[in-house]
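Undergrad: Got start.cif for you, mmCIF, C-alpha atoms:
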data_final
#
loop_
_atom_site.label_atom_id
_atom_site.label_comp_id
_atom_site.auth_asym_id
_atom_site.auth_seq_id
_atom_site.Cartn_x
_atom_site.Cartn_y
_atom_site.Cartn_z
CA MET A 1 0.00 0.00 0.00
CA ILE A 2 1.46 3.35 -0.98
CA GLN A 3 0.35 6.76 0.13
CA ILE A 4 0.00 9.50 -2.48
CA PRO A 5 -0.34 13.00 -1.03
CA ALA A 6 -3.25 14.82 -2.61
CA LEU A 7 -1.05 17.87 -3.09
CA TRP A 8 1.17 15.92 -5.49
CA LEU A 9 -1.83 15.27 -7.69
CA LEU A 10 -2.76 18.92 -7.50
CA PHE A 11 0.73 20.09 -8.49
CA GLY A 12 0.92 17.59 -11.33
CA TRP A 13 -2.45 18.74 -12.59
CA LEU A 14 -1.38 22.40 -12.33
CA VAL A 15 1.77 21.71 -14.36
CA LEU A 16 -0.27 20.11 -17.13
CA MET A 17 -2.76 22.98 -16.99
CA VAL A 18 0.08 25.47 -17.46
CA VAL A 19 1.27 23.59 -20.54
CA LEU A 20 -2.26 23.59 -21.93
CA GLY A 21 -2.57 27.25 -20.97
CA VAL A 22 0.44 28.12 -23.12
CA MET A 23 -1.15 26.36 -26.11
CA ILE A 24 -4.47 28.07 -25.49
CA GLY A 25 -2.77 31.44 -25.11
CA ALA A 26 -0.90 31.00 -28.39
CA HIS A 27 -4.11 30.16 -30.24
CA LEU A 28 -5.92 33.11 -28.66
CA TYR A 29 -3.09 35.43 -29.64
CA HIS A 30 -3.29 34.36 -33.27
CA GLY A 31 -7.04 34.49 -33.25
CA PHE A 32 -7.22 38.02 -31.90
CA ARG A 33 -4.27 39.31 -33.90
CA PHE A 34 -5.15 38.06 -37.36
CA GLY A 35 -8.90 37.83 -36.98
CA ARG A 36 -9.66 41.11 -35.30
CA HIS A 37 -11.25 42.57 -38.45
CA ASP A 38 -13.56 39.63 -38.93
CA PRO A 39 -16.71 39.47 -36.75
CA LEU A 40 -17.10 35.70 -37.15
CA THR A 41 -13.56 34.98 -36.01
CA MET A 42 -13.87 37.40 -33.09
CA THR A 43 -17.10 35.63 -32.07
CA ALA A 44 -15.28 32.28 -32.22
CA ASN A 45 -12.41 33.74 -30.18
CA SER A 46 -14.77 34.98 -27.50
CA LEU A 47 -16.70 31.71 -27.44
CA PHE A 48 -13.50 29.71 -27.07
CA LEU A 49 -12.32 31.92 -24.22
CA ALA A 50 -15.68 31.60 -22.50
CA VAL A 51 -15.66 27.81 -22.78
CA VAL A 52 -12.13 27.62 -21.37
CA ILE A 53 -13.12 29.82 -18.40
CA VAL A 54 -16.25 27.73 -17.77
CA ILE A 55 -14.25 24.47 -17.79
CA ILE A 56 -11.66 25.89 -15.39
CA LEU A 57 -14.29 27.28 -13.00
CA ALA A 58 -16.29 24.05 -13.10
CA THR A 59 -13.16 22.04 -12.33
CA MET A 60 -12.30 24.29 -9.40
CA ALA A 61 -15.84 23.93 -8.06
CA LEU A 62 -15.73 20.14 -8.36
CA LEU A 63 -12.32 19.95 -6.70
CA ALA A 64 -13.33 22.23 -3.81
CA PRO A 65 -14.59 19.37 -1.54
CA VAL A 66 -11.27 17.52 -1.80
CA ASP A 67 -9.15 17.61 1.35
CA TRP A 68 -5.74 18.44 -0.03
CA SER A 69 -3.98 17.72 3.25
CA GLN A 70 -4.89 14.02 3.03
CA SER A 71 -3.05 11.19 1.36
CA PHE A 72 -4.70 8.66 -0.90
CA ALA A 73 -3.94 5.03 -0.16
CA VAL A 74 -3.33 2.93 -3.24
CA SER A 75 -2.96 -0.85 -3.12
CA LEU A 76 -0.19 -2.21 -5.24
CA PRO A 77 -1.09 -5.14 -7.50
CA GLY A 78 -0.44 -8.53 -5.92
CA GLN A 79 -0.51 -7.22 -2.38
CA ILE A 80 -2.39 -9.51 0.07
CA GLU A 81 -3.79 -8.03 3.22
CA GLN A 82 -3.44 -10.07 6.42
CA LEU A 83 -6.83 -10.29 8.08
CA GLU A 84 -7.33 -11.25 11.72
CA LEU A 85 -10.27 -13.68 11.92
CA PRO A 86 -12.03 -14.34 15.22
CA ASN A 87 -11.96 -17.97 16.35
CA SER A 88 -9.51 -18.98 13.73
CA PRO A 89 -8.95 -22.74 13.52
CA LEU A 90 -5.27 -21.94 13.53
CA ASP A 91 -5.63 -20.38 16.94
CA ILE A 92 -4.64 -23.58 18.79
CA PRO A 93 -4.98 -22.25 22.39
CA ASN A 94 -8.67 -21.46 21.71
CA LEU A 95 -9.29 -25.01 20.48
CA LEU A 96 -7.64 -26.45 23.52
CA ASP A 97 -9.67 -24.21 25.83
CA ARG A 98 -13.05 -25.51 24.58
CA MET B 99 -14.35 34.63 -42.27
CA TYR B 100 -11.01 36.37 -42.56
CA HIS B 101 -11.30 38.35 -45.77
CA PRO B 102 -8.30 40.65 -45.94
CA THR B 103 -8.65 43.88 -47.86
CA SER B 104 -4.89 44.05 -48.10
CA PHE B 105 -1.99 41.65 -47.75
CA PRO B 106 1.75 41.89 -46.94
CA GLY B 107 3.69 43.42 -49.83
CA GLN B 108 0.65 44.65 -51.70
CA GLN B 109 1.46 47.45 -54.16
CA PRO B 110 -0.62 50.65 -54.19
CA ASP B 111 -2.15 49.92 -57.60
CA GLU B 112 -2.65 46.22 -56.96
CA LYS B 113 -6.22 45.00 -56.58
CA ILE B 114 -7.44 41.85 -54.89
CA VAL B 115 -9.47 39.78 -57.37
CA THR B 116 -10.58 37.02 -55.04
CA VAL B 117 -9.94 35.61 -51.57
CA LEU B 118 -10.31 31.86 -51.11
CA HIS B 119 -10.73 29.67 -48.07
CA ARG B 120 -10.91 25.94 -47.67
CA HIS B 121 -14.32 24.38 -48.16
CA TRP B 122 -16.53 24.26 -45.04
CA PHE B 123 -16.74 20.47 -45.27
CA VAL B 124 -13.10 20.21 -44.17
CA PHE B 125 -13.85 21.96 -40.88
CA ALA B 126 -17.14 20.09 -40.47
CA THR B 127 -15.26 16.76 -40.62
CA GLN B 128 -12.80 17.89 -37.97
CA LEU B 129 -15.64 19.20 -35.81
CA ALA B 130 -17.45 15.87 -36.02
CA ARG B 131 -14.31 14.02 -34.91
CA ILE B 132 -13.86 16.30 -31.92
CA VAL B 133 -17.50 15.95 -30.90
CA LEU B 134 -17.16 12.16 -31.09
CA MET B 135 -14.03 12.26 -28.95
CA ALA B 136 -15.88 14.37 -26.41
CA VAL B 137 -19.06 12.29 -26.29
CA LEU B 138 -17.55 8.79 -26.32
CA PRO B 139 -15.89 8.94 -22.87
CA LEU B 140 -19.09 10.33 -21.39
CA ILE B 141 -21.05 7.39 -22.81
CA VAL B 142 -18.50 4.92 -21.45
CA LEU B 143 -18.67 6.60 -18.04
CA GLY B 144 -22.44 6.46 -18.07
CA VAL B 145 -22.36 2.76 -18.91
CA ILE B 146 -19.91 2.05 -16.11
CA VAL B 147 -21.98 3.94 -13.54
CA SER B 148 -25.30 2.43 -14.61
CA TRP B 149 -24.17 -1.20 -15.01
CA THR B 150 -21.90 -1.48 -11.97
CA ASN B 151 -22.02 -0.44 -8.36
CA PHE B 152 -19.06 1.85 -8.87
CA ARG B 153 -19.71 5.35 -7.66
CA PHE B 154 -17.50 8.42 -7.69
CA GLU B 155 -17.76 9.74 -4.17
CA SER B 156 -16.63 13.27 -3.58
CA GLY B 157 -13.16 13.52 -2.06
CA THR B 158 -11.98 10.06 -3.07
CA LEU B 159 -9.01 9.32 -5.30
CA SER B 160 -11.15 8.11 -8.20
CA TYR B 161 -13.29 11.23 -8.04
CA THR B 162 -10.23 13.51 -7.93
CA LEU B 163 -8.57 11.74 -10.85
CA LEU B 164 -11.79 11.81 -12.84
CA VAL B 165 -12.27 15.54 -12.38
CA MET B 166 -8.63 16.39 -13.07
CA GLY B 167 -8.32 14.06 -16.04
CA GLY B 168 -11.65 15.17 -17.44
CA SER B 169 -10.79 18.85 -17.26
CA LEU B 170 -7.44 18.31 -18.99
CA TYR B 171 -9.04 16.14 -21.66
CA PHE B 172 -11.87 18.55 -22.47
CA LEU B 173 -9.59 21.58 -22.42
CA PHE B 174 -7.32 19.75 -24.85
CA LEU B 175 -10.26 18.95 -27.13
CA VAL B 176 -11.54 22.53 -27.06
CA ASN B 177 -8.04 23.81 -27.83
CA LEU B 178 -7.72 21.34 -30.69
CA LEU B 179 -11.07 22.39 -32.12
CA TYR B 180 -10.15 26.04 -31.89
CA GLY B 181 -6.84 25.33 -33.65
CA PHE B 182 -8.77 23.67 -36.48
CA TRP B 183 -11.06 26.69 -36.66
CA LEU B 184 -8.14 29.13 -36.86
CA ASP B 185 -6.58 26.98 -39.56
CA TYR B 186 -9.81 27.09 -41.52
CA ALA B 187 -10.64 30.76 -40.98
CA LEU B 188 -7.24 32.44 -41.15
CA ASP B 189 -5.60 30.43 -43.95
CA VAL B 190 -6.30 32.32 -47.13
CA PHE B 191 -5.37 32.13 -50.78
CA ILE B 192 -5.41 35.51 -52.45
CA VAL B 193 -5.45 36.17 -56.16
CA SER B 194 -4.70 39.75 -57.10
CA ASP B 195 -4.37 41.26 -60.55
CA LYS B 196 -0.60 40.80 -60.29
CA ARG B 197 0.15 37.77 -58.11
CA VAL B 198 -1.01 34.84 -56.05
CA VAL B 199 -0.51 34.84 -52.28
CA ASP B 200 -0.76 31.89 -49.93
CA ILE B 201 -1.10 32.78 -46.24
CA GLU B 202 -0.92 29.71 -44.02
CA GLN B 203 -0.73 29.07 -40.33
CA ALA B 204 1.43 25.98 -39.81
CA GLY B 205 1.48 25.14 -36.12
CA MET B 206 1.11 27.55 -33.24
CA PHE B 207 4.14 29.75 -33.87
CA ASN B 208 4.62 29.44 -37.60
CA ARG B 209 2.82 31.66 -40.12
CA THR B 210 3.91 31.54 -43.75
CA VAL B 211 3.16 34.09 -46.46
CA ALA B 212 4.21 32.93 -49.90
CA GLU B 213 3.58 34.90 -53.07
CA GLN B 214 4.31 34.61 -56.73
CA ARG B 215 3.86 37.05 -59.59
CA LEU B 216 1.36 35.92 -62.14
CA TYR B 217 3.70 36.45 -65.07
CA ARG B 218 5.99 33.80 -63.57
CA VAL B 219 3.21 31.25 -63.44
CA GLN B 220 3.74 28.56 -66.03
CA ASP B 221 0.93 26.12 -65.43
CA VAL B 222 -2.34 25.87 -63.53
CA THR B 223 -4.03 22.54 -62.89
CA PHE B 224 -6.78 21.42 -60.57
CA GLU B 225 -7.76 18.11 -59.04
CA VAL B 226 -11.02 16.87 -57.57
CA LYS B 227 -10.45 13.49 -56.02
CA GLY B 228 -12.93 11.26 -54.26
CA LEU B 229 -16.66 10.96 -53.81
CA VAL B 230 -17.07 13.64 -51.14
CA ARG B 231 -15.05 16.23 -53.04
CA THR B 232 -16.91 15.52 -56.24
CA PHE B 233 -20.25 15.81 -54.49
CA PHE B 234 -19.40 19.03 -52.67
CA HIS B 235 -17.37 20.56 -55.54
CA PHE B 236 -14.08 21.24 -53.86
CA GLY B 237 -10.50 20.22 -54.61
CA ASP B 238 -6.90 21.32 -55.01
CA VAL B 239 -5.48 23.88 -57.43
CA TYR B 240 -1.81 23.52 -58.35
CA VAL B 241 0.06 26.58 -59.58
CA GLN B 242 3.40 25.81 -61.18
CA SER B 243 5.77 28.75 -61.38
CA ALA B 244 9.35 29.65 -62.21
CA GLY B 245 10.11 31.18 -58.82
CA GLU B 246 11.92 29.94 -55.74
CA ARG B 247 8.80 28.23 -54.56
CA GLN B 248 7.94 26.34 -57.70
CA ARG B 249 4.58 24.98 -56.74
CA PHE B 250 1.67 26.56 -54.93
CA VAL B 251 -1.14 24.37 -53.78
CA PHE B 252 -4.53 25.86 -52.96
CA GLU B 253 -5.95 23.01 -50.92
CA ASP B 254 -9.63 22.11 -50.63
CA VAL B 255 -10.91 25.25 -52.30
CA PRO B 256 -14.51 25.40 -53.52
CA HIS B 257 -14.99 25.10 -57.30
CA PRO B 258 -11.34 24.59 -58.23
CA ASP B 259 -12.27 24.66 -61.91
CA ARG B 260 -13.44 28.27 -61.58
CA VAL B 261 -10.31 29.16 -59.59
CA ALA B 262 -8.08 27.71 -62.30
CA GLU B 263 -10.05 29.54 -64.97
CA LEU B 264 -9.75 32.79 -63.01
CA LEU B 265 -6.00 32.39 -62.67
CA LEU B 266 -5.57 31.67 -66.37
CA ARG B 267 -7.70 34.68 -67.23
CA GLN B 268 -5.55 36.91 -64.99
CA MET B 269 -2.41 35.55 -66.61
CA ASP B 270 -3.85 36.27 -70.07
CA GLN B 271 -4.70 39.83 -69.09
CA ILE B 272 -1.15 40.44 -67.89
CA ARG B 273 0.28 39.09 -71.12
CA LYS B 274 -2.08 41.13 -73.25
CA ALA B 275 -1.26 44.31 -71.31
CA GLY B 276 2.36 43.74 -72.30
CA GLU B 277 3.56 43.83 -68.73
CA GLN B 278 5.52 40.65 -69.14
CA ASP B 279 8.96 41.75 -70.39
CA LEU B 280 11.50 39.13 -69.54
CA THR B 281 14.21 41.01 -71.48
CA ASP B 282 14.34 43.67 -68.75
CA PRO B 283 15.75 41.75 -65.76
CA ASP B 284 16.87 44.97 -63.96
CA ALA B 285 13.31 46.20 -63.67
CA ILE B 286 12.20 42.83 -62.38
CA MET B 287 15.00 42.71 -59.81
CA ARG B 288 14.22 46.23 -58.57
CA GLY B 289 10.62 45.23 -58.12
CA ARG B 290 9.28 47.78 -60.62
CA GLU B 291 6.83 46.98 -63.32
CA PRO B 292 8.89 46.09 -66.40
CA ILE B 293 8.65 48.44 -69.37
CA PRO B 294 6.03 47.19 -71.81
CA HIS B 295 7.67 45.78 -74.89
CA HIS B 296 6.24 48.36 -77.32
CA GLN B 297 7.67 51.23 -75.22
CA HIS B 298 11.30 50.10 -75.40
CA PRO B 299 13.61 52.83 -76.76
CA PRO B 300 15.01 52.27 -80.23
CA THR B 301 18.32 50.44 -80.46
CA GLY B 302 21.34 52.74 -79.80
CA GLY B 303 19.21 55.52 -78.33
CA ALA B 304 19.20 56.86 -74.75
CA SER B 305 17.42 54.67 -72.28
CA ALA B 306 14.23 55.87 -70.58
#
As a first step, turn the structure in this file into structure tokens.
TA:
Amino acid sequence: MIQIPALWLLFGWLVLMVVLGVMIGAHLYHGFRFGRHDPLTMTANSLFLAVVIVIILATMALLAPVDWSQSFAVSLPGQIEQLELPNSPLDIPNLLDR
Amino acid sequence: MYHPTSFPGQQPDEKIVTVLHRHWFVFATQLARIVLMAVLPLIVLGVIVSWTNFRFESGTLSYTLLVMGGSLYFLFLVNLLYGFWLDYALDVFIVSDKRVVDIEQAGMFNRTVAEQRLYRVQDVTFEVKGLVRTFFHFGDVYVQSAGERQRFVFEDVPHPDRVAELLLRQMDQIRKAGEQDLTDPDAIMRGREPIPHHQHPPTGGASA
């Protein structure tokens, strides 16, 4: 069983969001620079920006309930948990006591 | 749509004859693919939730990964779609009364403007390949020239036959106006309009 701090997931997600943000910013720059005289392109630019903002806000709202100070426990494949059973037949002193 | 009224390097007396974009079907195909990529995971998720007991409880690892992964995935798709739109809307092929200009966005940080004077154009051909292109009347126009960039391709333009005809007509007009004077390389190199052939000074006389 390994423990993954929730903050690690958050930082990893933020890094990927920054990379995506650079790509989105580059597209927006081209869209506003070369399409500023065209109403249809400006509409598409604004719509794209609005959708990006909505997705980011929705994600932040959905991630708000997460406790970032916790760690997520992940079982590794093949790991067997040792369970303590009451009155186990292997518990020889109990058998002898009956 | 991006319909420029001027383009880089346009001369004062140069007029734009036509501005071409790719056919709308090209963007529609890309849009359909993106929509499919967006809807398919949602369907799979719905099937998993409805057919199994698996639930995404708020605050759990699966929930967190789903939200984070989903936001990255949909932002990527939206960005991809917008890139396709910019490619469709901002890539233009311009035919003026003097040259052909190809403005293309190749990648995020790469914009190419290629131009060729019409008198250097040697051959114009067009190609309509496939059922969809035949049905929707769009195809490629190939412009063969004698310049550094020997071949222009106007990809997926509507009615390529009319585009080819227009280009040939423009080339004919230039030839008839006598503007093509390949014996005056200095004028061509300086970027001026070459002296029409009938206006050349007589042999041995002072030059104009």
Undergrad: Can you pull out every residue within 12 Å of Ala58 of chain A, counting only C-alpha atoms, but drop anything in the same chain fewer than 3 positions away, and send it as a list in words?
TA: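 Here the answer would be Val51, Val52, Ile53, Val54, Ile55, Ala61, Leu62, Leu63 and Ala64 of chain A; Val165, Met166, Gly168, Ser169, Phe172 and Leu173 of chain B.
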Undergrad: Between B:Tyr186, B:Phe174, B:Phe224, B:Phe125, which one has atoms that come closest to Val239 of chain B, using all atoms listed in the file?
TA: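 The shortest atom-to-atom distance to Val239 of chain B comes from B:Phe224.
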Undergrad: Compute the chain A side of the contact with chain B at 9 Å, counting only C-alpha atoms, and hand it back as a ChimeraX atom specification.
TA: /A:6,9-10,13,16-17,20,23-24,26-28,30-31,34-41,44-45,48,51-52,55-56,58-59,62-67,72-74
Undergrad: Between atom CA of Ala136 of chain B and atom CA of Leu175 of chain B, what is the distance, to one decimal in Å?
TA: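 One can read the atom CA of Ala136 of chain B to atom CA of Leu175 of chain B distance as 7.3 Å.
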Undergrad: Kindly indicate which residue among B:Val124, B:Ile141, B:Val219, B:Val255 lies nearest to Asp238 of chain B, using only C-alpha atoms for the distances.
TA: B:Val255
Undergrad: What is the distance, in Å and to one decimal place, between atom CA of Trp8 of chain A and atom CA of Leu164 of chain B?
TA: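 Between these atoms lies a distance of 15.5 Å.
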Undergrad: Hey, can you check how far atom CA of Ala212 of chain B sits from atom CA of Phe182 of chain B?
TA: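 These atoms are spaced 20.8 Å apart.
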Undergrad: Since the input has fewer atoms than a full residue there, write segment 25-47 of chain A out with N, CA and C atoms, as a PDB file, in the frame of the given file.
TA:
ATOM      1  N   GLY A  25      -3.176  30.036 -24.955  1.00  0.00           N
ATOM      2  CA  GLY A  25      -2.770  31.440 -25.110  1.00  0.00           C
ATOM      3  C   GLY A  25      -2.233  31.731 -26.504  1.00  0.00           C
ATOM      4  N   ALA A  26      -1.443  30.803 -27.042  1.00  0.00           N
ATOM      5  CA  ALA A  26      -0.900  31.000 -28.390  1.00  0.00           C
ATOM      6  C   ALA A  26      -2.020  31.061 -29.427  1.00  0.00           C
ATOM      7  N   HIS A  27      -2.982  30.165 -29.304  1.00  0.00           N
ATOM      8  CA  HIS A  27      -4.110  30.160 -30.240  1.00  0.00           C
ATOM      9  C   HIS A  27      -4.932  31.443 -30.115  1.00  0.00           C
ATOM     10  N   LEU A  28      -5.144  31.878 -28.870  1.00  0.00           N
ATOM     11  CA  LEU A  28      -5.920  33.110 -28.660  1.00  0.00           C
ATOM     12  C   LEU A  28      -5.192  34.308 -29.260  1.00  0.00           C
ATOM     13  N   TYR A  29      -3.884  34.326 -29.091  1.00  0.00           N
ATOM     14  CA  TYR A  29      -3.090  35.430 -29.640  1.00  0.00           C
ATOM     15  C   TYR A  29      -3.263  35.510 -31.154  1.00  0.00           C
ATOM     16  N   HIS A  30      -3.142  34.369 -31.813  1.00  0.00           N
ATOM     17  CA  HIS A  30      -3.290  34.360 -33.270  1.00  0.00           C
ATOM     18  C   HIS A  30      -4.705  34.723 -33.678  1.00  0.00           C
ATOM     19  N   GLY A  31      -5.648  34.216 -32.913  1.00  0.00           N
ATOM     20  CA  GLY A  31      -7.040  34.490 -33.250  1.00  0.00           C
ATOM     21  C   GLY A  31      -7.377  35.962 -33.141  1.00  0.00           C
ATOM     22  N   PHE A  32      -6.902  36.605 -32.081  1.00  0.00           N
ATOM     23  CA  PHE A  32      -7.220  38.020 -31.900  1.00  0.00           C
ATOM     24  C   PHE A  32      -6.343  38.906 -32.787  1.00  0.00           C
ATOM     25  N   ARG A  33      -5.148  38.456 -33.083  1.00  0.00           N
ATOM     26  CA  ARG A  33      -4.270  39.310 -33.900  1.00  0.00           C
ATOM     27  C   ARG A  33      -4.669  39.310 -35.365  1.00  0.00           C
ATOM     28  N   PHE A  34      -4.896  38.133 -35.924  1.00  0.00           N
ATOM     29  CA  PHE A  34      -5.150  38.060 -37.360  1.00  0.00           C
ATOM     30  C   PHE A  34      -6.644  38.060 -37.685  1.00  0.00           C
ATOM     31  N   GLY A  35      -7.472  37.864 -36.680  1.00  0.00           N
ATOM     32  CA  GLY A  35      -8.900  37.830 -36.980  1.00  0.00           C
ATOM     33  C   GLY A  35      -9.674  38.991 -36.420  1.00  0.00           C
ATOM     34  N   ARG A  36      -8.962  40.034 -36.001  1.00  0.00           N
ATOM     35  CA  ARG A  36      -9.660  41.110 -35.300  1.00  0.00           C
ATOM     36  C   ARG A  36     -10.585  41.907 -36.212  1.00  0.00           C
ATOM     37  N   HIS A  37     -10.374  41.840 -37.528  1.00  0.00           N
ATOM     38  CA  HIS A  37     -11.250  42.570 -38.450  1.00  0.00           C
ATOM     39  C   HIS A  37     -12.435  41.733 -38.903  1.00  0.00           C
ATOM     40  N   ASP A  38     -12.489  40.506 -38.467  1.00  0.00           N
ATOM     41  CA  ASP A  38     -13.560  39.630 -38.930  1.00  0.00           C
ATOM     42  C   ASP A  38     -14.504  39.311 -37.777  1.00  0.00           C
ATOM     43  N   PRO A  39     -15.778  39.688 -37.876  1.00  0.00           N
ATOM     44  CA  PRO A  39     -16.710  39.470 -36.750  1.00  0.00           C
ATOM     45  C   PRO A  39     -16.882  37.987 -36.393  1.00  0.00           C
ATOM     46  N   LEU A  40     -16.885  37.128 -37.424  1.00  0.00           N
ATOM     47  CA  LEU A  40     -17.100  35.700 -37.150  1.00  0.00           C
ATOM     48  C   LEU A  40     -15.928  35.125 -36.350  1.00  0.00           C
ATOM     49  N   THR A  41     -14.728  35.480 -36.728  1.00  0.00           N
ATOM     50  CA  THR A  41     -13.560  34.980 -36.010  1.00  0.00           C
ATOM     51  C   THR A  41     -13.505  35.539 -34.588  1.00  0.00           C
ATOM     52  N   MET A  42     -13.870  36.806 -34.430  1.00  0.00           N
ATOM     53  CA  MET A  42     -13.870  37.400 -33.090  1.00  0.00           C
ATOM     54  C   MET A  42     -14.922  36.717 -32.214  1.00  0.00           C
ATOM     55  N   THR A  43     -16.064  36.364 -32.810  1.00  0.00           N
ATOM     56  CA  THR A  43     -17.100  35.630 -32.070  1.00  0.00           C
ATOM     57  C   THR A  43     -16.551  34.275 -31.631  1.00  0.00           C
ATOM     58  N   ALA A  44     -15.869  33.584 -32.553  1.00  0.00           N
ATOM     59  CA  ALA A  44     -15.280  32.280 -32.220  1.00  0.00           C
ATOM     60  C   ALA A  44     -14.223  32.431 -31.132  1.00  0.00           C
ATOM     61  N   ASN A  45     -13.430  33.491 -31.215  1.00  0.00           N
ATOM     62  CA  ASN A  45     -12.410  33.740 -30.180  1.00  0.00           C
ATOM     63  C   ASN A  45     -13.059  33.892 -28.814  1.00  0.00           C
ATOM     64  N   SER A  46     -14.092  34.707 -28.774  1.00  0.00           N
ATOM     65  CA  SER A  46     -14.770  34.980 -27.500  1.00  0.00           C
ATOM     66  C   SER A  46     -15.437  33.725 -26.956  1.00  0.00           C
ATOM     67  N   LEU A  47     -16.037  32.955 -27.857  1.00  0.00           N
ATOM     68  CA  LEU A  47     -16.700  31.710 -27.440  1.00  0.00           C
ATOM     69  C   LEU A  47     -15.689  30.721 -26.874  1.00  0.00           C
TER      70      LEU A  47
END
